[in-house]
Every structure is written in structure tokens, then in C-alpha cells.
Amino acid sequence: MDAFESCTTSVAMRERLEGAGRAVSILHHQKDDRTDSRRRIDLLEFEVKDYQHLGYEGDLVLQFFNDRLLLAEFLPQDVDGYIDALREKGVDIRGYQGVYLGNAYVWAFTGYRDNRRRVVWQDNRLHDDLMAAISG
């Protein structure tokens, strides 16, 4: 999303959002207390209700891996209209086929838990780091 930069810290992001009058709720926080040689895995996820992007309103979920922005998930009320607005900005996602924008991958899908459609931006470098840390 143009408003967020990959690798932004959770503190900086929270300050930016709250400074703009947005309420931020923590959905999940997993702090890794490992003392061995394995890579640390800290995960934080927070949500902003009624967020607006490109004139569309919806819920925004941000995920951080080791305090760097890994993923932004936007659940607009009008997903089709929002995807059209993204296309006008050069982000041409079609159906479930995403698009690479530098180090980010952008795609749309329907969540299996809540059956809500959403658009996701993911930093592939951080995703690869997370997968490497998980696999040990």
C-alpha cells in the first residue's frame, strides 16, 4: 500500500496511525523468548477498523515479523471497486492472480475462516526470512 513501507517498525506504524486519529487493536502478539542459537521469531498483528485507502473503507490488518512490516491486509467493504481503483494505479490483480511490485507481492483472496475478500501486500524478502527462521 502506498501509505506503508516494507520493514516499517510496529512502533512507527502505530504512532503514524494513532497520530492520524485511528484506533489500533492488537489481535495477536507472539514474543519469542528463545535463548538458544535459533533465529528469533516475534510476530505481532494489529488491526485498524474503518481504514480508508483510495476512497474505500474497510478493516486493515498489519502483520510484523521481528518488528518489521511483513504484510498489510485490507478488507474493503467494496472489494471489486477497490480492485478497480488499484488497477487505475497500475496494480493489476485479476481474480486470484497477483502481481509483483518490486519486493512485494499483491493479491486478492477470500479468507477461509471468515469468508471475507481481501487484498494483501506482502514483502517477499521478509516472508522468506520468516520461512527460514521457522525451518530452523
# chains A, B, ... in the order shown; residues from 1 in each chain; ligands from 1

$ residues_around --residues "Val61 in chain A" --least-positions-apart "3" --cutoff "8 Å" --atoms "only C-alpha atoms" --output "mmCIF file with C-alpha atoms, in the first residue's frame"
data_model
loop_
_atom_site.group_PDB
_atom_site.id
_atom_site.type_symbol
_atom_site.label_atom_id
_atom_site.label_comp_id
_atom_site.auth_asym_id
_atom_site.auth_seq_id
_atom_site.Cartn_x
_atom_site.Cartn_y
_atom_site.Cartn_z
ATOM 1 C CA GLU A 45 -0.604 -8.403 14.314
ATOM 2 C CA PHE A 46 -2.818 -5.400 14.773
ATOM 3 C CA GLU A 47 -5.989 -4.084 13.236
ATOM 4 C CA VAL A 48 -7.424 -0.707 12.327
ATOM 5 C CA ALA A 72 -0.771 -5.457 5.011
ATOM 6 C CA GLU A 73 -4.222 -6.945 4.532
ATOM 7 C CA PHE A 74 -7.092 -4.660 3.526
#

$ residues_around --residues "Arg125 in chain A" --least-positions-apart "4" --cutoff "12 Å" --atoms "only C-alpha atoms" --output "ChimeraX atom specification"
/A:6-7,65,68-71,102-105,129-132

$ residues_around --residues "Leu44 in chain A" --least-positions-apart "4" --cutoff "10 Å" --atoms "only C-alpha atoms" --output "number ranges by chain"
A: 10, 26-31, 62-70

$ write_last_selection --atoms "C-alpha atoms" --output "mmCIF file, in the first residue's frame"
data_model
loop_
_atom_site.group_PDB
_atom_site.id
_atom_site.type_symbol
_atom_site.label_atom_id
_atom_site.label_comp_id
_atom_site.auth_asym_id
_atom_site.auth_seq_id
_atom_site.Cartn_x
_atom_site.Cartn_y
_atom_site.Cartn_z
ATOM 1 C CA SER A 10 5.416 -1.575 14.598
ATOM 2 C CA ILE A 26 -3.635 -5.818 18.928
ATOM 3 C CA LEU A 27 -5.012 -9.083 17.526
ATOM 4 C CA HIS A 28 -2.036 -11.330 18.233
ATOM 5 C CA HIS A 29 1.408 -10.986 19.765
ATOM 6 C CA GLN A 30 3.837 -13.863 19.977
ATOM 7 C CA LYS A 31 7.146 -12.925 21.557
ATOM 8 C CA LEU A 62 -0.908 -5.323 9.660
ATOM 9 C CA GLN A 63 1.499 -8.155 10.458
ATOM 10 C CA PHE A 64 5.041 -7.659 11.705
ATOM 11 C CA PHE A 65 7.869 -10.185 11.808
ATOM 12 C CA ASN A 66 10.690 -9.263 14.200
ATOM 13 C CA ASP A 67 9.265 -5.739 14.316
ATOM 14 C CA ARG A 68 9.306 -5.174 10.554
ATOM 15 C CA LEU A 69 6.161 -4.807 8.464
ATOM 16 C CA LEU A 70 5.665 -8.119 6.687
#

$ atom_distance --atom1 "CA of Asp32 in chain A" --atom2 "CA of Glu15 in chain A"
23.5 Å

$ select_by_dssp --residues "range 8-95 of chain A" --states "strand (DSSP E)" --output "ChimeraX atom specification"
/A:24-30,43-53,56-65,68-76

$ select_by_dssp --residues "range 1-135 of chain A" --states "alpha helix (DSSP H)" --output "PDB file with C-alpha atoms, in the first residue's frame"
ATOM      1  CA  SER A  10       5.416  -1.575  14.598  1.00  0.00           C
ATOM      2  CA  VAL A  11       6.048   1.417  16.886  1.00  0.00           C
ATOM      3  CA  ALA A  12       6.461   3.805  13.936  1.00  0.00           C
ATOM      4  CA  MET A  13       3.366   2.401  12.246  1.00  0.00           C
ATOM      5  CA  ARG A  14       1.266   2.588  15.385  1.00  0.00           C
ATOM      6  CA  GLU A  15       2.382   6.179  16.028  1.00  0.00           C
ATOM      7  CA  ARG A  16       1.523   7.127  12.436  1.00  0.00           C
ATOM      8  CA  LEU A  17      -1.936   5.549  12.620  1.00  0.00           C
ATOM      9  CA  GLU A  18      -2.797   6.850  16.090  1.00  0.00           C
ATOM     10  CA  GLY A  19      -1.447  10.268  15.144  1.00  0.00           C
ATOM     11  CA  VAL A  79     -13.667  -5.256  -2.904  1.00  0.00           C
ATOM     12  CA  ASP A  80     -14.458  -5.125  -6.630  1.00  0.00           C
ATOM     13  CA  GLY A  81     -14.496  -1.321  -6.648  1.00  0.00           C
ATOM     14  CA  TYR A  82     -11.262  -1.240  -4.673  1.00  0.00           C
ATOM     15  CA  ILE A  83      -9.546  -3.648  -7.079  1.00  0.00           C
ATOM     16  CA  ASP A  84     -10.672  -1.426  -9.963  1.00  0.00           C
ATOM     17  CA  ALA A  85      -9.138   1.578  -8.154  1.00  0.00           C
ATOM     18  CA  LEU A  86      -5.903  -0.378  -7.730  1.00  0.00           C
ATOM     19  CA  ARG A  87      -5.851  -1.156 -11.462  1.00  0.00           C
ATOM     20  CA  GLU A  88      -6.124   2.558 -12.181  1.00  0.00           C
ATOM     21  CA  ASN A 124       8.673 -11.363  -0.092  1.00  0.00           C
ATOM     22  CA  ARG A 125      12.098 -10.822   1.464  1.00  0.00           C
ATOM     23  CA  LEU A 126      10.640 -10.806   4.969  1.00  0.00           C
ATOM     24  CA  HIS A 127       8.395 -13.739   4.134  1.00  0.00           C
ATOM     25  CA  ASP A 128      11.474 -15.700   3.037  1.00  0.00           C
ATOM     26  CA  ASP A 129      13.244 -14.673   6.274  1.00  0.00           C
ATOM     27  CA  LEU A 130      10.265 -15.892   8.288  1.00  0.00           C
ATOM     28  CA  MET A 131      10.155 -19.226   6.458  1.00  0.00           C
ATOM     29  CA  ALA A 132      13.908 -19.684   7.013  1.00  0.00           C
ATOM     30  CA  ALA A 133      13.540 -18.921  10.711  1.00  0.00           C
ATOM     31  CA  ILE A 134      10.646 -21.369  11.055  1.00  0.00           C
ATOM     32  CA  SER A 135      12.524 -24.156   9.294  1.00  0.00           C
TER      33      SER A 135
END

$ closest_residue --among "A:Arg118, A:Arg22, A:Arg38, A:Arg113" --to "Gly58 in chain A" --atoms "only C-alpha atoms"
A:Arg118

$ atom_distance --atom1 "CA of Arg117 in chain A" --atom2 "CA of Asp92 in chain A"
16.5 Å

$ atom_distance --atom1 "CA of Leu43 in chain A" --atom2 "CA of Ala108 in chain A"
22.4 Å

$ closest_residue --among "A:Arg116, A:Lys49, A:Lys89, A:Arg94" --to "Val24 in chain A" --atoms "only C-alpha atoms"
A:Lys49

$ closest_residue --among "A:Gln77, A:Thr8, A:Gln122, A:Asn115" --to "Gly98 in chain A" --atoms "only C-alpha atoms"
A:Gln122
